[in-house]
Amino acid sequence: MDTPADDPNIVTRKAASPIARARRFARTHRALVAVAAVAVVGLAGGGLAWTTVHGLPAFDTLRDYEPLVSTRVYGLDGSEVFEFYRERRTVVPFQQIPEVVKKAVLASEDARFYEHQGVNYLAIARCAMKNLLRGHTYCGGSTITQQVVKTFLLSSEKRVTRKVKEVVLARRLEQNLKKDEILYLYLNQIYFGHRRYGIEEASRFYFGKSVQKLSIGEAAMIAGLVQSPERLSPVKHIHAAKERQKYVLRRMAEEGFISHKVANAEMAKPILVARRSEQQAGAWYADAVRKYLDARYGAERVETDGLAVDVAMDPALQRTAEDVLTAQLRAVDKRQGWRGAIAHLDQKQLSAAIPLWRERLKGAQPRPSEVLAWDLGRVSADDLEPGAESQGDIRRMLSVKPLQSNGTYNALVTQVTDRNATVDLGNATGTLSLGDVLWARKYNPLSGTATPRRMKDVLKAGDVVLVRVVPGKTSPAELARAGKPVPLALEQVPKVQGAIVAIDPDTRGIRALVGGYDFGLSQFNRAMQARRQPGSVFKPFVWGAAVESRRYTPATLVYDTPDLYRDPFTGKDWKPQNFERDAYDGPLLLKQALAHSKNTVSAKLVDALGVDAVIGFARRCGIESELPRTLSLALGVGEVTPLELVNAYATIARHGFSAPPLLVLRVRDRRGQVLEEDPTYAAATANPISRAAEGRGEDRASAAFSPSMSPAGGEPGVLGTPISGIEPEVAFVLSSMMRDVVEYGTGAAARSLGRPVVGKTGTAQEHRDAWFVGFAPELVAGVWVGFDSHEPLGAHETGAGAALPAWIGFMGAALARHPPAEFQAPPNVEFARVDARTGLLAADPNAPDALLVPFVAGTIPRSAADETTGPAPQSFFMDDH
């Protein structure tokens with residue numbers, strides 16, 4: 001167990017040991033010997049000092065301390081989710097820094113700190129002599145006070161004039177600040193490696209804890225970094241870090257800060273550096289927030305001025321969105337086929353590289369119970385040609401990470417038979433079975449290729465491939481320690497891309513935002529920047545415009561028949577077809593036509609309503625991209641971003657209230673002053689009310705959202721104006737028709753959620769884009785899948801197959817925390833039972849084919865059906881019953 005920071009073995013300065021006092025006396029004696037040298041140096045530099053120090057800056061009070069401080073971003077749950085910085089620093093008050101940390105730094109850097117007046121003349125004289133003998137600048141002999149001066153006020157160049165300035169300013173600083181204040185500046189300002197500044201950030205980075213929780217050994221390790229943060233980093237050079245830690249512990253014991261027994265006990269413990277995830281969750285969201293803040297405040301202020309930013313992201317939903325999209329893109333990509341190994345290494349290349357890789361892996365420090373595996377993702381066969389790379393470069397091709405279930409690793413195939421392959425993971429051996437690679441047919445998205453019959457059809461020894469550890473009853477680490485093979489599955493980095501957006505319909509807060517498969521591979525944010533054809537997910541705006549016109553109701557009888565149009569906007573003939581090509585259902589209700597995504601009916605509606613009416617409805621929902629004035633708009637041929645499409649659906653979910661999506665809820669400066677704030681968020685934080693207690697009634701719907709503000713143009717952010725929306729009754733009737741998509745239409749798979757949801761599938765021309773966008777009362781979400789190159793996904797990839805599974809996975813997890821909720825009807829909605837064949841009022845409301853349908857008030861059919869009533873050929877428009 002680590003020795004706690006407040007251990008009684010940590011003693012004060014007065015408890016110094018006799019040995020320490022003797023050593024101090026010896027040093028004092030040696031100081032007298034050096035007096036002459038100091039005097040000579042002082043006399044010779046007197047004139048130089050006078051001219052050098054004239055006009056030096058003042059540093060009179062602690063109030064002058066304005067360090068470069070990170071901007072911290074907090075999620076919806078209050079946790080810190082992102083940080084933007086030039087120097088990653090968290091300032092911590094002096095009294096909150098444990099004595100053990102202060103003692104460790106003093107022992108390492110300046111044990112006489114509380115005794116001298118800012119300058120250690122003995123150390124300066126010693127260094128001056130060394131520099132003179134060596135003929136160049138070798139050391140500086142700086143105290144902590146001098147280091148503070150150098151860090152804040154001077155450059156780091158090693159010149160005599162700088163040293164003179166340093167000495168003068170150190171004395172001046174000691175006259176104006178107390179010792180504790182100087183040490184406070186030092187501990188918060190100094191660099192500790194890996195872009196971490198200050199003791200708090202060093203503690204978080206290296207040990208995953210606050211400075212208050214550091215053990216004696218951990219404090220000593222961090223204190224030892226000051227001398228050379230990169231060379232002594234335990235992340236890069238564990239052995240050098242350990243030796244430096246031992247030195248600091250010995251110095252702490254010599255100075256009487258800890259006992260020799262405690263020092264020896266800490267030396268015997270390994271340095272256990274905190275594990276960090278390879279990629280922080282929410283990288284896409286962070287990038288969007290950073291762009292917004294940079295545009296509004298400037299990158300300089302964002303990186304240095306310590307802003308506190310609250311965002312609408314729900315960290316749990318963000319992680320879920322990333323996980324389900326990753327899994328879905330892998331699944332779609334596998335249906336496209338196998339593109340081959342990442343690299344192939346011959347025996348000569350392997351003989352040269354493997355010993356170096358094993359040497360590096362052996363030098364890595366695992367945590368207790370961990371087994372470390374290698375990852376060869378940076379390996380290139382060309383770089384392993386003779387003379388191409390040094391041994392150090394070859395070692396750096398390998399990265400190390402813990403072996404864990406569902407972890408992915410770029411590993412080396414060492415042996416292949418007809419039915420199995422053996423894979424080297426460094427400290428473990430894995431196996432691939434033929435059943436795990438049956439998907440790996442030759443790559444071809446447009447047509448099927450032969451399924452592999454033998455493992456040798458897919459892999460060969462020397463291949464570097466991506467594998468995933470298959471979860472089982474026994475952990476992979478236990479299997480590795482027992483010398484047993486770890487079960488693996490073959491993977492590849494998807495070529496296909498995707499996006500997920502989730503929005504709270506009441507507040508318009510963007511709860512999750514994922515812009516692609518891997519932010520590290522591509523920073524293009526497809527959720528916000530990719531303009532893609534929406535296909536049939538655009539149809540709700542066509543159906544909504546129809547209901548809004550009062551000429552159509554969900555029960556209007558329409559015809560699914562092919563028609564030839566002369567498009568007045570293009571002057572060309574156009575004959576739309578359904579997805580099933582030559583399959584047409586004839587007469588059906590308008591609501592049924594949407595459920596089955598009938599292209600022919602959508603074309604009839606646009607032709608009858610006019611393109612401008614449909615575009616206007618889409619605009620009022622929140623679609624801002626330019627839409628084509630052509631009849632083919634009925635099939636979603638324009639281009640929109642996933643974010644604006646999901647936000648437009650949020651307008652439908654929110655009973656027609658349209659508003660911009662929100663990323664940023666509040667921004668405060670380092671002193672807590674509010675710079676900008678969403679009014680809804682301000683009201684919620686001032687008077688928090690449990691959403692669960694509010695229910696889903698219309699009173700909440702009308703009162704819970706006040707017009708938020710966002711930037712001009714409707715980009716997600718904070719400042720702007722709400723958009724005029726659509727009537728609540730129209731939105732509700734449209735939602736009811738979209739619910740049919742899930743109940744018995746193209747989105748029927750979503751019934752597996754077991755709760756009320758609505759949505760729409762979409763497949764763009766030539767299967768280039770696959771969509772599903774939908775919502776429950778609590779949340780709206782949309783998924784897009786496609787190639788960046790706009791290549792076809794393949795004839796079998798549709799919105800229902802390529803996008804809907806990810807939507808179901810995300811919404812299932814997101815809604816699990818809420819009990820199922822029904823959609824509540826607003827005023828001006830009336831219900832009636834209609835005949836499923838004719839759309840007229842049902843003669844027998846209890847008949848099996850009598851459908852309960854919502855209508856905008858005043859549009860219920862006035863005639864009733866009877867047994868002889870059949871579909872009327874001219875009833876495409878709402879009959880005037």
# chains A, B, ... in the order shown; residues from 1 in each chain; ligands from 1
call {"tool": "closest_atom_pairs", "arguments": {"of": "stretch 443-515 of chain A", "to": "stretch 805-811 of chain A", "cutoff": "12 Å", "atoms": "only C-alpha atoms", "output": "CSV"}}
result
residue,atom,partner,partner_atom,distance
A:Gly498,CA,A:Ala806,CA,10.2
A:Ala499,CA,A:Ala806,CA,10.1
A:Ile500,CA,A:Trp807,CA,8.3
A:Val501,CA,A:Trp807,CA,9.9
A:Ala502,CA,A:Met811,CA,9.2
A:Ile503,CA,A:Met811,CA,11.6
A:Arg511,CA,A:Phe810,CA,11.9
A:Ala512,CA,A:Phe810,CA,10.2
A:Leu513,CA,A:Phe810,CA,12.0
A:Val514,CA,A:Phe810,CA,11.9
call {"tool": "write_last_selection", "arguments": {"atoms": "C-alpha atoms", "output": "PDB file, in the first residue's frame"}}
result
ATOM      1  CA  GLY A 498     -21.156   7.492 -40.944  1.00  0.00           C
ATOM      2  CA  ALA A 499     -22.551   9.981 -38.472  1.00  0.00           C
ATOM      3  CA  ILE A 500     -24.909  10.083 -35.486  1.00  0.00           C
ATOM      4  CA  VAL A 501     -26.643  13.132 -34.037  1.00  0.00           C
ATOM      5  CA  ALA A 502     -28.938  13.114 -30.989  1.00  0.00           C
ATOM      6  CA  ILE A 503     -30.932  16.172 -29.888  1.00  0.00           C
ATOM      7  CA  ARG A 511     -26.748  15.314 -26.586  1.00  0.00           C
ATOM      8  CA  ALA A 512     -24.390  13.334 -28.842  1.00  0.00           C
ATOM      9  CA  LEU A 513     -22.486  14.098 -32.029  1.00  0.00           C
ATOM     10  CA  VAL A 514     -20.310  11.622 -33.928  1.00  0.00           C
TER      11      VAL A 514
END
call {"tool": "residues_around", "arguments": {"residues": "stretch 65-82 of chain A", "least_positions_apart": "4", "cutoff": "6 Å", "atoms": "only C-alpha atoms", "output": "MDAnalysis selection string"}}
result
chainID A and resid 88:89 302:314
call {"tool": "residues_around", "arguments": {"residues": "A:Val400", "least_positions_apart": "2", "cutoff": "8 Å", "atoms": "only C-alpha atoms", "output": "count of residues only"}}
result
8
call {"tool": "atom_distance", "arguments": {"atom1": "atom CA of A:Pro487", "atom2": "atom CA of A:Gln415"}}
result
15.0 Å
call {"tool": "residues_around", "arguments": {"residues": "stretch 94-105 of chain A", "least_positions_apart": "2", "cutoff": "8 Å", "atoms": "only C-alpha atoms", "output": "PyMOL selection string"}}
result
chain A and resi 5-6+10+92+107-110+180-181+184+211-212+214+216+219-220+223-224+248-249+252+257
call {"tool": "select_by_dssp", "arguments": {"residues": "stretch 584-706 of chain A", "states": "helix (DSSP H, G or I)", "output": "PyMOL selection string"}}
result
chain A and resi 590-595+599-609+611-621+631-635+642-653+679-686+691-694+698-703
call {"tool": "closest_residue", "arguments": {"among": "A:Gly337, A:Pro494, A:Gly426, A:Gly622", "to": "A:Arg360", "atoms": "only C-alpha atoms"}}
result
A:Gly426
call {"tool": "residues_around", "arguments": {"residues": "A:Ile342", "least_positions_apart": "4", "cutoff": "8 Å", "atoms": "only C-alpha atoms", "output": "list of chain:residue names"}}
result
A:Gly377, A:Asp463, A:Val464, A:Val465, A:Leu466
